[in-house]
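K.L.:
Quick one: the structure is below, and I'll ask about it shortly.
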Amino acid sequence: RRMEPSVRDALVASAIEAQDFTGTACPRVEAPSALAFLRDHVAPNRPCVITGAISHWPAMRRWQGEEGDEYLSDKFGDHQIKINATPDGRGDAVLDGRYFVLPEEREMTFRDFLREMRGGADVLYLSHQNDNLRLQLQGIILPDVDPSLPFADQALGLQPDAVNLWVGPAAAVTTLHKDHYENLYAVVRGRKHFTLYPPTSLPLLYPARYTPKQYRKSPPEGG
């Protein structure tokens with residue numbers, strides 16, 4: 001059902017007013033203190049790009065390029081992992097304006113995942129949000145990364161509920177969603193593009209219900 005113009009105009013005006021008050025910039029800040037992070041970003045719900053906070057991680061050296069692939073394969077290449085697979089990289093996405101389609105879940109070794117991610121027919125994405133770095137991967141590579149960020153632990157008053165490792169190609173896209181918890185996303189290799197909307201924009205994003213579906217790859221003929 002379409003929104004009445006008068007209602008939409010009022011919501012747009014309210015969203016603009018709120019953004020004028022909170023600002024729309026996403027500043028870059030050098031590894032902040034716990035107090036500065038709490039005061040300037042956590043309390044006012046203001047996102048930021050943090051620099052210099054993970055430059056000391058061994059992963060920043062060991063995981064880069066082809067040598068990084070070899071290192072990770074040697075480290076836990078035979079370890080079984082669960083990954084998400086889609087034909088176009090859009091998992092958990094609306095399809096044809098009617099369906100909310102979940103990715104297909106597959107199980108394979110990390111070594112096979114890296115190989116198929118580079119040259120397979122489907123878009124593979126290691127992106128489970130189940131504390132996979134500590135549970136699914138059994139903490140094998142925790143010596144390469146810190147288990148948390150001290151300034152964030154102090155600002156939030158607790159340790160992370162989950163620490164996840166996400167690995168995927170440029171085609172892998174996480175569609176628009178809302179998280180109900182604080183997130184800190186550390187980019188060790190490559191780049192990640194985020195599009196953020198303030199809470200005041202929610203009525204303008206047309207939330208709706210869709211019929212759930214899930215991708216399933218058909219077996220080859222004769223197979």
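All residue names refer to the structure tokens as shown: chains lettered A, B, ... in order, residues numbered from 1 in each chain, ligands numbered from 1 in order.
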Please list as JSON, numbers by chain every residue within 12 Å of region 177-184 of chain A, counting only C-alpha atoms and excluding residues in the same chain fewer than 3 positions away.
P.N.:
{"A": [37, 38, 41, 42, 43, 45, 46, 47, 48, 49, 50, 53, 54, 91, 92, 93, 94, 129, 148, 149, 150, 151, 152, 153, 155, 156, 157, 158, 159, 160, 161, 162, 163, 164, 173, 174, 187, 194, 195, 196, 197, 198, 199, 201, 202, 205, 207]}
K.L.:
Enumerate the residues of region 25-99 of chain A with a DSSP assignment of strand (DSSP E), computed from the backbone, and present them as a PyMOL selection string.
P.N.:
chain A and resi 28-30+49-51+80-86+90-91+93-95+99
K.L.:
Near Ser127 (chain A), within 7 Å and counting only C-alpha atoms, which residues show up once chain neighbours fewer than 2 positions away are dropped, as an MDAnalysis selection string?
P.N.:
chainID A and resid 83 125 129 165:167
K.L.:
For the residues in the current selection, export N, CA, C and O atoms as a PDB file, in the first residue's frame.
P.N.:
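Result file result_8.pdb:
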```
ATOM      1  N   ILE A  83      29.463 -22.655   4.209  1.00  0.00           N
ATOM      2  CA  ILE A  83      29.471 -21.399   3.455  1.00  0.00           C
ATOM      3  C   ILE A  83      28.111 -21.184   2.802  1.00  0.00           C
ATOM      4  O   ILE A  83      27.307 -22.107   2.650  1.00  0.00           O
ATOM      5  N   TYR A 125      30.361 -17.392  -0.130  1.00  0.00           N
ATOM      6  CA  TYR A 125      30.588 -16.383   0.893  1.00  0.00           C
ATOM      7  C   TYR A 125      30.611 -17.067   2.256  1.00  0.00           C
ATOM      8  O   TYR A 125      29.622 -17.677   2.669  1.00  0.00           O
ATOM      9  N   GLN A 129      27.078 -15.859  11.096  1.00  0.00           N
ATOM     10  CA  GLN A 129      27.137 -14.964  12.246  1.00  0.00           C
ATOM     11  C   GLN A 129      26.930 -15.744  13.540  1.00  0.00           C
ATOM     12  O   GLN A 129      26.132 -15.370  14.389  1.00  0.00           O
ATOM     13  N   LEU A 165      34.463 -14.530  11.202  1.00  0.00           N
ATOM     14  CA  LEU A 165      35.346 -14.333  10.055  1.00  0.00           C
ATOM     15  C   LEU A 165      34.510 -14.401   8.793  1.00  0.00           C
ATOM     16  O   LEU A 165      33.848 -15.406   8.540  1.00  0.00           O
ATOM     17  N   TRP A 166      34.527 -13.327   8.021  1.00  0.00           N
ATOM     18  CA  TRP A 166      33.808 -13.289   6.752  1.00  0.00           C
ATOM     19  C   TRP A 166      34.817 -13.215   5.614  1.00  0.00           C
ATOM     20  O   TRP A 166      35.732 -12.389   5.636  1.00  0.00           O
ATOM     21  N   VAL A 167      34.648 -14.085   4.636  1.00  0.00           N
ATOM     22  CA  VAL A 167      35.529 -14.114   3.467  1.00  0.00           C
ATOM     23  C   VAL A 167      34.662 -14.268   2.234  1.00  0.00           C
ATOM     24  O   VAL A 167      33.826 -15.178   2.159  1.00  0.00           O
TER      25      VAL A 167
END
```
K.L.:
Nearest to Arg8 (chain A) among A:Leu114, A:Thr109, A:Leu204, A:His193, with distances taken over only C-alpha atoms: which residue is it?
P.N.:
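Closest residue, counting only C-alpha atoms: A:Leu204.
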